[in-house]
file final38.cif (mmCIF, C-alpha atoms)
data_data
#
loop_
_atom_site.label_atom_id
_atom_site.label_comp_id
_atom_site.auth_asym_id
_atom_site.auth_seq_id
_atom_site.Cartn_x
_atom_site.Cartn_y
_atom_site.Cartn_z
CA MET A 201 22.10 83.95 -75.06
CA ALA A 202 19.89 85.74 -72.51
CA VAL A 203 20.28 84.59 -68.92
CA ASP A 204 17.16 83.72 -66.90
CA ILE A 205 16.57 85.83 -63.79
CA ILE A 206 15.98 83.37 -60.96
CA ASP A 207 15.04 83.58 -57.28
CA TYR A 208 16.65 81.32 -54.70
CA GLU A 209 16.86 80.34 -51.04
CA ILE A 210 19.82 78.60 -49.38
CA LYS A 211 18.62 76.10 -46.78
CA GLY A 212 20.52 74.47 -43.93
CA GLU A 213 23.73 75.29 -42.11
CA SER A 214 26.54 72.75 -42.47
CA LEU A 215 24.87 70.57 -45.11
CA GLN A 216 23.32 73.17 -47.36
CA LEU A 217 21.22 73.05 -50.49
CA VAL A 218 19.98 75.82 -52.75
CA GLU A 219 16.31 75.91 -53.74
CA ILE A 220 15.69 77.72 -57.04
CA GLU A 221 12.27 79.23 -57.79
CA LEU A 222 11.52 79.35 -61.51
CA ASP A 223 8.84 81.31 -63.31
CA PRO A 224 7.20 79.62 -66.31
CA ALA A 225 9.74 79.02 -69.14
CA GLU A 226 12.72 79.78 -66.87
CA GLY A 227 15.51 77.24 -66.37
CA VAL A 228 18.59 76.40 -64.33
CA ARG A 229 21.64 74.34 -65.35
CA ALA A 230 23.35 71.88 -63.03
CA GLU A 231 25.85 69.07 -62.93
CA ALA A 232 24.33 65.66 -63.62
CA GLY A 233 23.24 64.11 -60.32
CA ALA A 234 23.14 67.36 -58.31
CA MET A 235 19.35 67.65 -58.17
CA THR A 236 17.69 66.76 -54.83
CA TYR A 237 14.01 67.41 -55.58
CA MET A 238 11.79 69.23 -58.06
CA GLU A 239 8.17 70.29 -57.98
CA GLN A 240 5.44 69.55 -60.50
CA GLY A 241 5.98 71.37 -63.79
CA ILE A 242 9.78 71.04 -63.80
CA GLU A 243 11.17 68.99 -66.69
CA MET A 244 14.76 67.86 -67.30
CA GLN A 245 16.75 68.19 -70.51
CA THR A 246 20.19 66.56 -70.48
CA THR A 247 22.68 67.63 -73.17
CA THR A 248 26.42 68.19 -73.60
CA GLY A 249 25.85 71.89 -73.04
CA GLY A 250 26.94 72.90 -76.54
CA GLY A 251 28.06 69.94 -78.64
CA ALA A 252 30.31 66.90 -78.24
CA TRP A 253 33.52 68.95 -78.01
CA LYS A 254 32.11 70.99 -75.14
CA GLY A 255 31.10 67.77 -73.38
CA PHE A 256 34.60 66.37 -73.87
CA LYS A 257 36.17 69.51 -72.41
CA ARG A 258 33.91 69.13 -69.38
CA MET A 259 35.23 65.59 -68.94
CA LEU A 260 38.75 67.06 -68.72
CA THR A 261 37.67 68.91 -65.58
CA GLY A 262 36.61 65.64 -63.97
CA GLU A 263 32.92 66.44 -64.40
CA SER A 264 30.15 64.64 -66.26
CA PHE A 265 30.12 64.65 -70.07
CA MET A 266 26.51 65.84 -69.84
CA ILE A 267 24.87 68.80 -68.15
CA THR A 268 21.19 68.96 -67.18
CA THR A 269 18.87 71.93 -67.59
CA PHE A 270 15.69 72.04 -65.50
CA PHE A 271 12.90 74.02 -67.18
CA ASN A 272 9.63 75.16 -65.66
CA GLN A 273 7.11 73.97 -68.25
CA GLY A 274 4.12 74.71 -66.03
CA THR A 275 1.88 77.76 -65.77
CA GLY A 276 2.92 78.84 -62.27
CA LYS A 277 6.06 79.12 -60.17
CA ALA A 278 7.89 75.86 -59.42
CA ARG A 279 10.99 74.98 -57.40
CA VAL A 280 13.97 72.72 -57.91
CA ALA A 281 16.74 72.14 -55.35
CA PHE A 282 20.40 71.16 -55.61
CA ALA A 283 22.47 69.81 -52.74
CA ALA A 284 26.16 70.16 -52.02
CA PRO A 285 27.94 66.77 -52.30
CA TYR A 286 29.72 66.96 -48.91
CA PRO A 287 29.56 69.10 -45.72
CA GLY A 288 30.00 72.78 -46.40
CA GLN A 289 28.24 75.87 -47.68
CA VAL A 290 26.75 77.17 -50.91
CA ILE A 291 28.07 80.48 -52.27
CA PRO A 292 25.81 82.57 -54.56
CA LEU A 293 27.72 84.44 -57.26
CA ASN A 294 26.13 87.40 -59.01
CA LEU A 295 28.22 87.38 -62.17
CA THR A 296 26.85 90.78 -63.20
CA GLU A 297 28.53 92.30 -60.14
CA LEU A 298 31.71 90.28 -60.79
CA GLY A 299 32.33 91.60 -64.29
CA GLY A 300 30.45 88.84 -66.10
CA GLU A 301 32.85 85.99 -65.32
CA PHE A 302 34.39 84.03 -62.46
CA LEU A 303 36.86 81.14 -62.13
CA CYS A 304 36.14 78.20 -59.82
CA GLN A 305 37.53 74.77 -59.02
CA SER A 306 36.01 72.13 -61.28
CA SER A 307 34.58 70.32 -58.24
CA SER A 308 33.01 73.48 -56.81
CA PHE A 309 30.36 74.30 -59.44
CA LEU A 310 26.82 73.41 -58.35
CA CYS A 311 24.31 75.14 -60.65
CA ALA A 312 23.62 78.34 -62.59
CA ALA A 313 20.78 80.19 -64.27
CA ASN A 314 20.04 79.00 -67.79
CA GLY A 315 22.19 81.04 -70.16
CA ILE A 316 25.34 81.05 -68.01
CA ASP A 317 28.19 79.57 -70.05
CA ILE A 318 30.49 77.03 -68.39
CA GLU A 319 33.97 76.80 -69.93
CA ILE A 320 37.37 75.50 -68.79
CA ALA A 321 40.56 77.41 -68.07
CA PHE A 322 44.11 76.03 -67.79
CA THR A 323 46.93 77.18 -65.56
CA LYS A 324 50.34 77.86 -67.08
CA LYS A 325 52.04 74.81 -65.57
CA VAL A 326 50.45 71.77 -67.17
CA GLY A 327 52.67 69.38 -65.20
CA ALA A 328 50.93 70.28 -61.96
CA GLY A 329 47.79 68.56 -63.20
CA PHE A 330 49.59 65.28 -63.74
CA PHE A 331 51.62 65.21 -60.52
CA GLY A 332 49.02 66.06 -57.91
CA GLY A 333 48.21 69.75 -58.36
CA GLU A 334 44.49 70.25 -57.70
CA GLY A 335 44.28 73.66 -59.39
CA PHE A 336 45.37 72.52 -62.84
CA ILE A 337 41.99 72.83 -64.52
CA LEU A 338 39.48 75.48 -63.51
CA GLN A 339 35.98 76.22 -64.76
CA LYS A 340 35.10 79.67 -66.06
CA LEU A 341 31.52 80.82 -65.47
CA GLN A 342 30.45 83.52 -67.95
CA GLY A 343 27.28 85.55 -68.24
CA ASN A 344 25.17 88.13 -66.43
CA GLY A 345 23.18 86.26 -63.83
CA LEU A 346 23.36 83.96 -60.82
CA ALA A 347 25.61 80.95 -60.38
CA PHE A 348 26.22 78.82 -57.28
CA VAL A 349 29.38 77.09 -56.11
CA HIS A 350 30.01 74.83 -53.12
CA ALA A 351 32.73 75.17 -50.48
CA GLY A 352 33.67 72.46 -48.00
CA GLY A 353 33.69 73.40 -44.33
CA THR A 354 33.89 77.14 -43.64
CA ILE A 355 34.06 79.82 -46.35
CA ILE A 356 36.84 82.40 -46.13
CA GLU A 357 36.39 85.48 -48.33
CA LYS A 358 39.47 87.55 -49.23
CA ASN A 359 39.51 90.81 -51.17
CA LEU A 360 43.10 91.20 -52.38
CA ALA A 361 44.45 94.66 -53.09
CA GLU A 362 46.51 95.51 -56.16
CA GLY A 363 49.71 93.45 -56.00
CA GLU A 364 48.73 91.68 -52.76
CA GLU A 365 49.84 88.03 -52.82
CA LEU A 366 48.30 84.97 -51.22
CA ARG A 367 49.54 81.35 -51.33
CA VAL A 368 46.85 78.72 -50.82
CA GLU A 369 46.88 74.93 -50.69
CA THR A 370 45.54 74.11 -54.15
CA GLY A 371 42.54 72.08 -53.01
CA ALA A 372 41.43 74.89 -50.67
CA VAL A 373 40.79 77.34 -53.51
CA VAL A 374 37.07 77.56 -54.31
CA GLY A 375 37.24 80.33 -56.91
CA PHE A 376 38.37 83.85 -57.69
CA SER A 377 37.79 86.87 -59.93
CA THR A 378 39.36 86.83 -63.38
CA SER A 379 41.26 89.98 -62.37
CA ILE A 380 43.37 87.78 -60.09
CA LYS A 381 46.70 86.61 -61.52
CA TYR A 382 47.32 82.99 -60.60
CA ASP A 383 49.81 80.20 -61.03
CA ILE A 384 50.67 76.80 -59.57
CA GLU A 385 54.04 76.51 -57.85
CA MET A 386 55.79 73.54 -56.28
CA VAL A 387 56.56 73.52 -52.56
CA GLY A 388 60.25 74.21 -52.08
CA GLY A 389 62.66 72.13 -50.01
CA MET A 390 62.90 68.34 -49.79
CA LYS A 391 61.95 68.30 -46.07
CA ASN A 392 58.84 70.34 -46.81
CA ILE A 393 57.88 67.95 -49.59
CA VAL A 394 58.50 64.75 -47.63
CA PHE A 395 57.48 65.76 -44.10
CA GLY A 396 55.36 68.89 -44.52
CA GLY A 397 52.10 67.04 -45.12
CA GLU A 398 50.72 69.94 -47.15
CA GLY A 399 50.93 68.48 -50.66
CA LEU A 400 53.38 69.22 -53.45
CA PHE A 401 51.71 72.30 -54.87
CA LEU A 402 50.45 75.72 -53.81
CA THR A 403 48.31 78.15 -55.77
CA LYS A 404 49.74 81.67 -55.87
CA LEU A 405 47.11 84.39 -56.20
CA ILE A 406 47.96 88.05 -56.84
CA GLY A 407 45.35 90.83 -56.55
CA PRO A 408 43.33 92.79 -57.18
CA GLY A 409 40.18 90.74 -56.85
CA LEU A 410 37.91 88.50 -54.84
CA VAL A 411 39.00 85.05 -53.60
CA TYR A 412 36.96 82.32 -51.89
CA ILE A 413 38.78 79.67 -49.82
CA GLN A 414 37.36 76.53 -48.17
CA SER A 415 38.54 75.07 -44.88
CA LEU A 416 37.65 71.47 -45.83
CA PRO A 417 38.62 70.59 -49.43
CA LEU A 418 37.10 67.39 -50.79
CA SER A 419 40.60 66.00 -51.36
CA SER A 420 41.51 66.46 -47.67
CA LEU A 421 38.24 64.87 -46.56
CA ALA A 422 38.83 61.90 -48.86
CA ARG A 423 42.37 61.37 -47.51
CA LYS A 424 41.11 61.38 -43.92
CA ILE A 425 38.38 58.86 -44.74
CA VAL A 426 40.82 56.55 -46.51
CA ALA A 427 43.33 56.80 -43.65
CA ALA A 428 40.64 55.99 -41.08
CA ALA A 429 39.14 53.10 -43.03
CA PRO A 430 39.83 49.64 -41.57
CA VAL A 431 42.34 47.57 -43.51
CA SER A 432 40.87 44.34 -44.86
CA ASN A 433 42.82 41.10 -44.62
#
call {"tool": "encode", "arguments": {"input": "final38.cif", "output": "structure tokens"}}
result
Amino acid sequence: MAVDIIDYEIKGESLQLVEIELDPAEGVRAEAGAMTYMEQGIEMQTTTGGGAWKGFKRMLTGESFMITTFFNQGTGKARVAFAAPYPGQVIPLNLTELGGEFLCQSSSFLCAANGIDIEIAFTKKVGAGFFGGEGFILQKLQGNGLAFVHAGGTIIEKNLAEGEELRVETGAVVGFSTSIKYDIEMVGGMKNIVFGGEGLFLTKLIGPGLVYIQSLPLSSLARKIVAAAPVSN
């Protein structure tokens, strides 16, 4: 499937959104509920993104069963915007320059040009997904065009050399090139597990390739909010 060539502008600083400009007949795909506003001429089409099985696989990543495509059905240019769900930044990914595919956390995907395929990828250690590992299921973005992911807080970009290794708290991983070798490993040592406060799992990344890390994972933000919430009698 051909990928639409889209123009975009990222607006804001700490609470960003991406505004997509579509020519007539062009479209952009997004998670259900991500749209902030759309101009006259834009029409929505909500589907499973490729059949019931594909929708079910999307549910495994914690995302919506459905995915929405926004088409420009007008005769002139029209814009549609998508906002990040919590404070952070939007990262544009040119998949053509990244070898046609990229892996990202299931909660990081925001939107992509119509024609970009959104699949799921599993790590080797299935148990991590059931016992608190946040990198168990990843989404694979495939195609030759633009996609956009969201990172909480500040974005850290790492270009790992061949064989260079990086261990990252699983929730802090935004995404990485498919050339990166990755696995989920458990934190060693009982004291580290009980008193370390860093979670049970780390993601091990081995280069070469590009890695994006976020300073404020959604999971960390949620824990802080819950801890600060007043306790009801």
call {"tool": "resolve_selection", "arguments": {"input": "final38.cif", "expression": "the PyMOL selection byres ((chain A and resi 298) around 12)", "output": "ChimeraX atom specification"}}
result
/A:292-297,299-303,341-347,376-380,409-411
call {"tool": "closest_residue", "arguments": {"input": "final38.cif", "among": "A:Glu362, A:Glu319, A:Asp204, A:Glu213", "to": "Phe271 of chain A", "atoms": "all atoms listed in the file"}}
result
A:Asp204
call {"tool": "resolve_selection", "arguments": {"input": "final38.cif", "expression": "the PyMOL selection byres ((chain A and resi 219) around 10)", "output": "PDB file with C-alpha atoms, in the coordinates of the input"}}
result
ATOM      1  CA  ASP A 207      15.040  83.580 -57.280  1.00  0.00           C
ATOM      2  CA  TYR A 208      16.650  81.320 -54.700  1.00  0.00           C
ATOM      3  CA  GLU A 209      16.860  80.340 -51.040  1.00  0.00           C
ATOM      4  CA  ILE A 210      19.820  78.600 -49.380  1.00  0.00           C
ATOM      5  CA  LYS A 211      18.620  76.100 -46.780  1.00  0.00           C
ATOM      6  CA  GLN A 216      23.320  73.170 -47.360  1.00  0.00           C
ATOM      7  CA  LEU A 217      21.220  73.050 -50.490  1.00  0.00           C
ATOM      8  CA  VAL A 218      19.980  75.820 -52.750  1.00  0.00           C
ATOM      9  CA  ILE A 220      15.690  77.720 -57.040  1.00  0.00           C
ATOM     10  CA  GLU A 221      12.270  79.230 -57.790  1.00  0.00           C
ATOM     11  CA  LEU A 222      11.520  79.350 -61.510  1.00  0.00           C
ATOM     12  CA  MET A 235      19.350  67.650 -58.170  1.00  0.00           C
ATOM     13  CA  THR A 236      17.690  66.760 -54.830  1.00  0.00           C
ATOM     14  CA  TYR A 237      14.010  67.410 -55.580  1.00  0.00           C
ATOM     15  CA  MET A 238      11.790  69.230 -58.060  1.00  0.00           C
ATOM     16  CA  ARG A 279      10.990  74.980 -57.400  1.00  0.00           C
ATOM     17  CA  VAL A 280      13.970  72.720 -57.910  1.00  0.00           C
ATOM     18  CA  ALA A 281      16.740  72.140 -55.350  1.00  0.00           C
ATOM     19  CA  PHE A 282      20.400  71.160 -55.610  1.00  0.00           C
ATOM     20  CA  ALA A 283      22.470  69.810 -52.740  1.00  0.00           C
TER      21      ALA A 283
END
call {"tool": "atom_distance", "arguments": {"input": "final38.cif", "atom1": "atom CA of Ala312 of chain A", "atom2": "atom CA of Val368 of chain A"}}
result
26.0 Å
call {"tool": "atom_distance", "arguments": {"input": "final38.cif", "atom1": "atom CA of Leu310 of chain A", "atom2": "atom CA of Tyr412 of chain A"}}
result
15.0 Å
call {"tool": "build_atoms", "arguments": {"input": "final38.cif", "residues": "segment 203-226 of chain A", "atoms": "N, CA, C and O atoms", "output": "mmCIF file, in the frame of the given file"}}
result
data_model
loop_
_atom_site.group_PDB
_atom_site.id
_atom_site.type_symbol
_atom_site.label_atom_id
_atom_site.label_comp_id
_atom_site.auth_asym_id
_atom_site.auth_seq_id
_atom_site.Cartn_x
_atom_site.Cartn_y
_atom_site.Cartn_z
ATOM 1 N N VAL A 203 20.210 85.367 -70.158
ATOM 2 C CA VAL A 203 20.280 84.590 -68.920
ATOM 3 C C VAL A 203 18.974 84.760 -68.154
ATOM 4 O O VAL A 203 18.488 85.872 -67.966
ATOM 5 N N ASP A 204 18.392 83.652 -67.687
ATOM 6 C CA ASP A 204 17.160 83.720 -66.900
ATOM 7 C C ASP A 204 17.436 84.376 -65.548
ATOM 8 O O ASP A 204 18.478 84.153 -64.935
ATOM 9 N N ILE A 205 16.484 85.185 -65.104
ATOM 10 C CA ILE A 205 16.570 85.830 -63.790
ATOM 11 C C ILE A 205 15.830 84.944 -62.802
ATOM 12 O O ILE A 205 14.611 84.767 -62.896
ATOM 13 N N ILE A 206 16.559 84.366 -61.863
ATOM 14 C CA ILE A 206 15.980 83.370 -60.960
ATOM 15 C C ILE A 206 16.000 83.863 -59.519
ATOM 16 O O ILE A 206 16.815 84.701 -59.140
ATOM 17 N N ASP A 207 15.069 83.339 -58.720
ATOM 18 C CA ASP A 207 15.040 83.580 -57.280
ATOM 19 C C ASP A 207 15.539 82.316 -56.576
ATOM 20 O O ASP A 207 15.400 81.205 -57.105
ATOM 21 N N TYR A 208 16.089 82.483 -55.386
ATOM 22 C CA TYR A 208 16.650 81.320 -54.700
ATOM 23 C C TYR A 208 16.585 81.489 -53.195
ATOM 24 O O TYR A 208 16.428 82.595 -52.665
ATOM 25 N N GLU A 209 16.730 80.361 -52.493
ATOM 26 C CA GLU A 209 16.860 80.340 -51.040
ATOM 27 C C GLU A 209 17.849 79.246 -50.674
ATOM 28 O O GLU A 209 17.724 78.114 -51.146
ATOM 29 N N ILE A 210 18.852 79.581 -49.862
ATOM 30 C CA ILE A 210 19.820 78.600 -49.380
ATOM 31 C C ILE A 210 19.326 78.062 -48.055
ATOM 32 O O ILE A 210 19.064 78.819 -47.120
ATOM 33 N N LYS A 211 19.174 76.744 -47.962
ATOM 34 C CA LYS A 211 18.620 76.100 -46.780
ATOM 35 C C LYS A 211 19.696 75.300 -46.054
ATOM 36 O O LYS A 211 20.564 74.715 -46.691
ATOM 37 N N GLY A 212 19.587 75.246 -44.724
ATOM 38 C CA GLY A 212 20.520 74.470 -43.930
ATOM 39 C C GLY A 212 21.702 75.291 -43.453
ATOM 40 O O GLY A 212 21.844 76.468 -43.781
ATOM 41 N N GLU A 213 22.565 74.631 -42.671
ATOM 42 C CA GLU A 213 23.730 75.290 -42.110
ATOM 43 C C GLU A 213 25.025 74.628 -42.571
ATOM 44 O O GLU A 213 25.761 75.175 -43.370
ATOM 45 N N SER A 214 25.290 73.412 -42.104
ATOM 46 C CA SER A 214 26.540 72.750 -42.470
ATOM 47 C C SER A 214 26.389 71.783 -43.636
ATOM 48 O O SER A 214 27.376 71.348 -44.217
ATOM 49 N N LEU A 215 25.153 71.438 -43.960
ATOM 50 C CA LEU A 215 24.870 70.570 -45.110
ATOM 51 C C LEU A 215 23.817 71.280 -45.950
ATOM 52 O O LEU A 215 22.635 70.949 -45.902
ATOM 53 N N GLN A 216 24.247 72.261 -46.709
ATOM 54 C CA GLN A 216 23.320 73.170 -47.360
ATOM 55 C C GLN A 216 22.846 72.665 -48.729
ATOM 56 O O GLN A 216 23.513 71.870 -49.393
ATOM 57 N N LEU A 217 21.688 73.186 -49.118
ATOM 58 C CA LEU A 217 21.220 73.050 -50.490
ATOM 59 C C LEU A 217 20.651 74.394 -50.922
ATOM 60 O O LEU A 217 20.300 75.232 -50.085
ATOM 61 N N VAL A 218 20.565 74.605 -52.228
ATOM 62 C CA VAL A 218 19.980 75.820 -52.750
ATOM 63 C C VAL A 218 18.691 75.456 -53.478
ATOM 64 O O VAL A 218 18.669 74.562 -54.320
ATOM 65 N N GLU A 219 17.602 76.121 -53.107
ATOM 66 C CA GLU A 219 16.310 75.910 -53.740
ATOM 67 C C GLU A 219 16.069 77.066 -54.717
ATOM 68 O O GLU A 219 16.086 78.237 -54.325
ATOM 69 N N ILE A 220 15.876 76.729 -55.980
ATOM 70 C CA ILE A 220 15.690 77.720 -57.040
ATOM 71 C C ILE A 220 14.206 77.809 -57.379
ATOM 72 O O ILE A 220 13.552 76.790 -57.628
ATOM 73 N N GLU A 221 13.667 79.011 -57.383
ATOM 74 C CA GLU A 221 12.270 79.230 -57.790
ATOM 75 C C GLU A 221 12.253 79.746 -59.221
ATOM 76 O O GLU A 221 12.855 80.780 -59.526
ATOM 77 N N LEU A 222 11.555 79.012 -60.090
ATOM 78 C CA LEU A 222 11.520 79.350 -61.510
ATOM 79 C C LEU A 222 10.126 79.806 -61.915
ATOM 80 O O LEU A 222 9.125 79.164 -61.580
ATOM 81 N N ASP A 223 10.079 80.903 -62.653
ATOM 82 C CA ASP A 223 8.840 81.310 -63.310
ATOM 83 C C ASP A 223 8.630 80.429 -64.526
ATOM 84 O O ASP A 223 9.566 79.748 -64.985
ATOM 85 N N PRO A 224 7.422 80.406 -65.088
ATOM 86 C CA PRO A 224 7.200 79.620 -66.310
ATOM 87 C C PRO A 224 8.218 79.967 -67.402
ATOM 88 O O PRO A 224 8.534 81.142 -67.626
ATOM 89 N N ALA A 225 8.766 78.926 -68.037
ATOM 90 C CA ALA A 225 9.740 79.020 -69.140
ATOM 91 C C ALA A 225 11.150 79.343 -68.676
ATOM 92 O O ALA A 225 12.069 79.389 -69.489
ATOM 93 N N GLU A 226 11.369 79.558 -67.373
ATOM 94 C CA GLU A 226 12.720 79.780 -66.870
ATOM 95 C C GLU A 226 13.403 78.436 -66.619
ATOM 96 O O GLU A 226 12.750 77.409 -66.454
#
